[in-house]
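Text of the file query.cif, holding mmCIF, N, CA, C and O atoms:
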data_data
#
loop_
_atom_site.label_atom_id
_atom_site.label_comp_id
_atom_site.auth_asym_id
_atom_site.auth_seq_id
_atom_site.Cartn_x
_atom_site.Cartn_y
_atom_site.Cartn_z
N MET A 1 82.73 65.52 87.62
CA MET A 1 82.30 66.89 87.82
C MET A 1 83.48 67.81 87.55
O MET A 1 84.55 67.63 88.11
N ASN A 2 83.30 68.80 86.73
CA ASN A 2 84.35 69.76 86.42
C ASN A 2 84.11 71.06 87.18
O ASN A 2 82.99 71.57 87.20
N VAL A 3 85.16 71.56 87.79
CA VAL A 3 85.08 72.81 88.53
C VAL A 3 85.98 73.82 87.84
O VAL A 3 87.16 73.55 87.62
N ALA A 4 85.43 74.95 87.50
CA ALA A 4 86.22 75.99 86.84
C ALA A 4 87.03 76.74 87.89
O ALA A 4 86.50 77.15 88.93
N LEU A 5 88.30 76.87 87.65
CA LEU A 5 89.17 77.60 88.55
C LEU A 5 89.29 79.05 88.09
O LEU A 5 89.44 79.32 86.90
N VAL A 6 89.19 79.95 89.01
CA VAL A 6 89.35 81.37 88.71
C VAL A 6 90.71 81.78 89.22
O VAL A 6 91.00 81.65 90.41
N ARG A 7 91.55 82.24 88.33
CA ARG A 7 92.91 82.62 88.73
C ARG A 7 93.11 84.11 88.51
O ARG A 7 92.61 84.68 87.56
N GLY A 8 93.87 84.70 89.39
CA GLY A 8 94.24 86.09 89.22
C GLY A 8 93.20 87.09 89.68
O GLY A 8 93.43 88.28 89.60
N THR A 9 92.08 86.63 90.17
CA THR A 9 91.09 87.56 90.69
C THR A 9 90.83 87.23 92.14
O THR A 9 90.80 86.06 92.53
N THR A 10 90.68 88.25 92.93
CA THR A 10 90.34 88.05 94.33
C THR A 10 89.04 88.78 94.61
O THR A 10 88.82 89.89 94.13
N VAL A 11 88.21 88.16 95.35
CA VAL A 11 86.95 88.77 95.75
C VAL A 11 87.05 89.04 97.24
O VAL A 11 87.39 88.16 98.02
N GLN A 12 86.79 90.28 97.58
CA GLN A 12 86.86 90.64 98.99
C GLN A 12 85.51 91.17 99.45
O GLN A 12 84.95 92.07 98.83
N ASP A 13 85.04 90.60 100.49
CA ASP A 13 83.82 91.08 101.13
C ASP A 13 84.29 91.93 102.31
O ASP A 13 84.69 91.40 103.35
N HIS A 14 84.25 93.23 102.17
CA HIS A 14 84.81 94.12 103.18
C HIS A 14 84.07 94.03 104.51
O HIS A 14 84.67 94.16 105.57
N VAL A 15 82.78 93.79 104.47
CA VAL A 15 82.02 93.64 105.71
C VAL A 15 82.45 92.37 106.43
O VAL A 15 82.69 92.39 107.64
N ALA A 16 82.59 91.28 105.70
CA ALA A 16 83.03 90.02 106.31
C ALA A 16 84.44 90.16 106.88
O ALA A 16 84.72 89.67 107.99
N LEU A 17 85.32 90.83 106.16
CA LEU A 17 86.68 91.03 106.66
C LEU A 17 86.68 91.87 107.94
O LEU A 17 87.43 91.58 108.88
N ALA A 18 85.84 92.88 108.00
CA ALA A 18 85.74 93.71 109.21
C ALA A 18 85.21 92.89 110.38
O ALA A 18 85.70 93.01 111.51
N GLU A 19 84.21 92.05 110.13
CA GLU A 19 83.66 91.20 111.19
C GLU A 19 84.71 90.21 111.70
O GLU A 19 84.81 89.97 112.90
N ILE A 20 85.48 89.65 110.80
CA ILE A 20 86.54 88.72 111.19
C ILE A 20 87.58 89.44 112.05
O ILE A 20 88.04 88.91 113.07
N GLU A 21 87.93 90.65 111.66
CA GLU A 21 88.90 91.42 112.44
C GLU A 21 88.37 91.73 113.84
O GLU A 21 89.09 91.59 114.83
N LEU A 22 87.10 92.10 113.95
CA LEU A 22 86.51 92.38 115.26
C LEU A 22 86.46 91.12 116.12
O LEU A 22 86.73 91.17 117.32
N CYS A 23 86.12 90.00 115.51
CA CYS A 23 86.11 88.73 116.26
C CYS A 23 87.51 88.40 116.77
O CYS A 23 87.68 87.96 117.90
N GLY A 24 88.50 88.64 115.94
CA GLY A 24 89.89 88.42 116.34
C GLY A 24 90.27 89.28 117.52
O GLY A 24 90.93 88.82 118.47
N GLU A 25 89.85 90.55 117.49
CA GLU A 25 90.15 91.46 118.61
C GLU A 25 89.49 90.96 119.89
O GLU A 25 90.08 91.01 120.97
N LEU A 26 88.26 90.47 119.78
CA LEU A 26 87.58 89.93 120.96
C LEU A 26 88.27 88.68 121.49
O LEU A 26 88.40 88.50 122.71
N ILE A 27 88.73 87.82 120.60
CA ILE A 27 89.44 86.60 121.02
C ILE A 27 90.73 86.96 121.73
O ILE A 27 91.05 86.39 122.78
N ILE A 28 91.46 87.93 121.20
CA ILE A 28 92.70 88.36 121.83
C ILE A 28 92.42 88.93 123.22
O ILE A 28 93.10 88.61 124.20
N ALA A 29 91.40 89.78 123.32
CA ALA A 29 91.05 90.37 124.61
C ALA A 29 90.60 89.30 125.61
O ALA A 29 90.98 89.34 126.79
N ALA A 30 89.83 88.34 125.14
CA ALA A 30 89.35 87.28 126.02
C ALA A 30 90.50 86.41 126.51
O ALA A 30 90.52 85.99 127.67
N SER A 31 91.46 86.15 125.65
CA SER A 31 92.58 85.31 126.07
C SER A 31 93.53 86.04 127.01
O SER A 31 94.26 85.41 127.77
N ALA A 32 93.50 87.37 126.98
CA ALA A 32 94.39 88.16 127.83
C ALA A 32 93.79 88.45 129.21
O ALA A 32 94.51 88.89 130.10
N THR A 33 92.52 88.20 129.36
CA THR A 33 91.87 88.51 130.64
C THR A 33 92.00 87.34 131.60
O THR A 33 92.06 86.19 131.20
N GLY A 34 92.03 87.66 132.87
CA GLY A 34 92.09 86.63 133.88
C GLY A 34 90.71 86.20 134.35
O GLY A 34 90.56 85.27 135.13
N GLU A 35 89.70 86.89 133.86
CA GLU A 35 88.33 86.59 134.26
C GLU A 35 87.74 85.50 133.37
O GLU A 35 88.29 85.17 132.33
N GLU A 36 86.61 84.97 133.81
CA GLU A 36 85.95 83.92 133.03
C GLU A 36 85.35 84.50 131.75
O GLU A 36 85.38 83.86 130.70
N ARG A 37 84.80 85.71 131.83
CA ARG A 37 84.16 86.35 130.68
C ARG A 37 84.58 87.81 130.60
O ARG A 37 84.96 88.42 131.59
N LEU A 38 84.46 88.36 129.42
CA LEU A 38 84.68 89.79 129.26
C LEU A 38 83.43 90.52 129.73
O LEU A 38 82.31 90.11 129.44
N SER A 39 83.63 91.61 130.43
CA SER A 39 82.49 92.42 130.86
C SER A 39 81.93 93.16 129.66
O SER A 39 82.64 93.40 128.67
N PRO A 40 80.67 93.55 129.72
CA PRO A 40 80.11 94.33 128.60
C PRO A 40 80.91 95.61 128.33
O PRO A 40 81.09 96.00 127.19
N ASP A 41 81.39 96.25 129.39
CA ASP A 41 82.20 97.46 129.20
C ASP A 41 83.50 97.16 128.48
O ASP A 41 83.94 97.93 127.62
N ARG A 42 84.13 96.03 128.80
CA ARG A 42 85.38 95.66 128.14
C ARG A 42 85.12 95.31 126.67
O ARG A 42 85.90 95.66 125.79
N ILE A 43 84.01 94.64 126.40
CA ILE A 43 83.65 94.33 125.01
C ILE A 43 83.46 95.62 124.22
O ILE A 43 83.97 95.76 123.11
N ASP A 44 82.73 96.58 124.81
CA ASP A 44 82.55 97.87 124.15
C ASP A 44 83.88 98.56 123.90
O ASP A 44 84.09 99.16 122.85
N GLU A 45 84.78 98.46 124.87
CA GLU A 45 86.09 99.07 124.72
C GLU A 45 86.87 98.43 123.58
O GLU A 45 87.48 99.12 122.75
N VAL A 46 86.86 97.10 123.51
CA VAL A 46 87.59 96.39 122.46
C VAL A 46 87.00 96.72 121.09
O VAL A 46 87.74 96.95 120.13
N LEU A 47 85.68 96.78 121.01
CA LEU A 47 85.02 97.05 119.74
C LEU A 47 84.92 98.55 119.43
O LEU A 47 84.42 98.93 118.38
N LYS A 48 85.39 99.37 120.37
CA LYS A 48 85.38 100.83 120.22
C LYS A 48 83.95 101.35 120.02
O LYS A 48 83.72 102.28 119.25
N VAL A 49 83.02 100.75 120.74
CA VAL A 49 81.62 101.14 120.63
C VAL A 49 81.38 102.49 121.29
O VAL A 49 80.72 103.36 120.74
N SER A 50 81.94 102.71 122.46
CA SER A 50 81.68 103.95 123.19
C SER A 50 82.16 105.16 122.42
O SER A 50 81.54 106.21 122.43
N THR A 51 83.28 105.04 121.72
CA THR A 51 83.82 106.14 120.93
C THR A 51 82.85 106.52 119.82
O THR A 51 82.57 107.68 119.60
N VAL A 52 82.30 105.53 119.16
CA VAL A 52 81.37 105.78 118.06
C VAL A 52 80.10 106.41 118.59
O VAL A 52 79.58 107.37 118.03
N VAL A 53 79.57 105.91 119.70
CA VAL A 53 78.34 106.44 120.28
C VAL A 53 78.55 107.88 120.71
O VAL A 53 77.71 108.74 120.46
N GLU A 54 79.69 108.19 121.33
CA GLU A 54 79.96 109.56 121.77
C GLU A 54 80.05 110.49 120.57
O GLU A 54 79.52 111.59 120.60
N GLN A 55 80.70 110.08 119.50
CA GLN A 55 80.83 110.91 118.31
C GLN A 55 79.47 111.16 117.69
O GLN A 55 79.16 112.26 117.28
N ARG A 56 78.64 110.15 117.63
CA ARG A 56 77.32 110.31 117.02
C ARG A 56 76.45 111.22 117.86
O ARG A 56 75.71 112.04 117.35
N SER A 57 76.52 111.10 119.20
CA SER A 57 75.70 111.96 120.05
C SER A 57 76.16 113.40 119.95
O SER A 57 75.35 114.32 120.01
N ASP A 58 77.45 113.65 119.72
CA ASP A 58 77.94 115.00 119.51
C ASP A 58 77.39 115.58 118.20
O ASP A 58 77.12 116.77 118.12
N ASP A 59 77.24 114.73 117.20
CA ASP A 59 76.71 115.17 115.92
C ASP A 59 75.25 115.57 116.00
O ASP A 59 74.76 116.40 115.25
N TRP A 60 74.51 114.96 116.94
CA TRP A 60 73.07 115.23 117.07
C TRP A 60 72.81 116.56 117.76
O TRP A 60 71.75 117.12 117.63
N ASP A 61 73.74 117.04 118.54
CA ASP A 61 73.54 118.28 119.29
C ASP A 61 73.60 119.50 118.41
O ASP A 61 74.06 119.62 117.38
#
Step by step, read the file and then write its structure as structure tokens.
Amino acid sequence: MNVALVRGTTVQDHVALAEIELCGELIIAASATGEERLSPDRIDEVLKVSTVVEQRSDDWD
């Protein structure tokens, strides 16, 4: 079986890279906590969910 090698080109899936980065942030936060699990509020804080929701609700007004 012959496999063609592609050299000099990189393919980046920006959505996948963003998801990997967010997972990494969650892993770091989970390893730094003394609790068994991250609380939903802490997860939102790590993922910066509350900031996005607040900004969007301001846009709706």
Exercise for review: Could you please determine the separation between atom CA of A:His14 and atom CA of A:Arg37 in Å, to one decimal place?
Suggested key: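 Answer for the atom CA of A:His14 to atom CA of A:Arg37 separation: 28.6 Å.
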Practice item. Convert the output of the PyMOL selection byres (((chain A and resi 17-30 and name CA) around 12) and name CA) on the shown file into explicit residues, formatted as a PyMOL selection string. Key: chain A and resi 11-16+31-40+42-49
Exercise for review: Taking the chain letters and numbering used in this document, name the residues of stretch 10-46 of chain A that DSSP puts in helix (DSSP H, G or I), as a VMD selection string.
Suggested key: chain A and resid 14 to 32 40 to 46
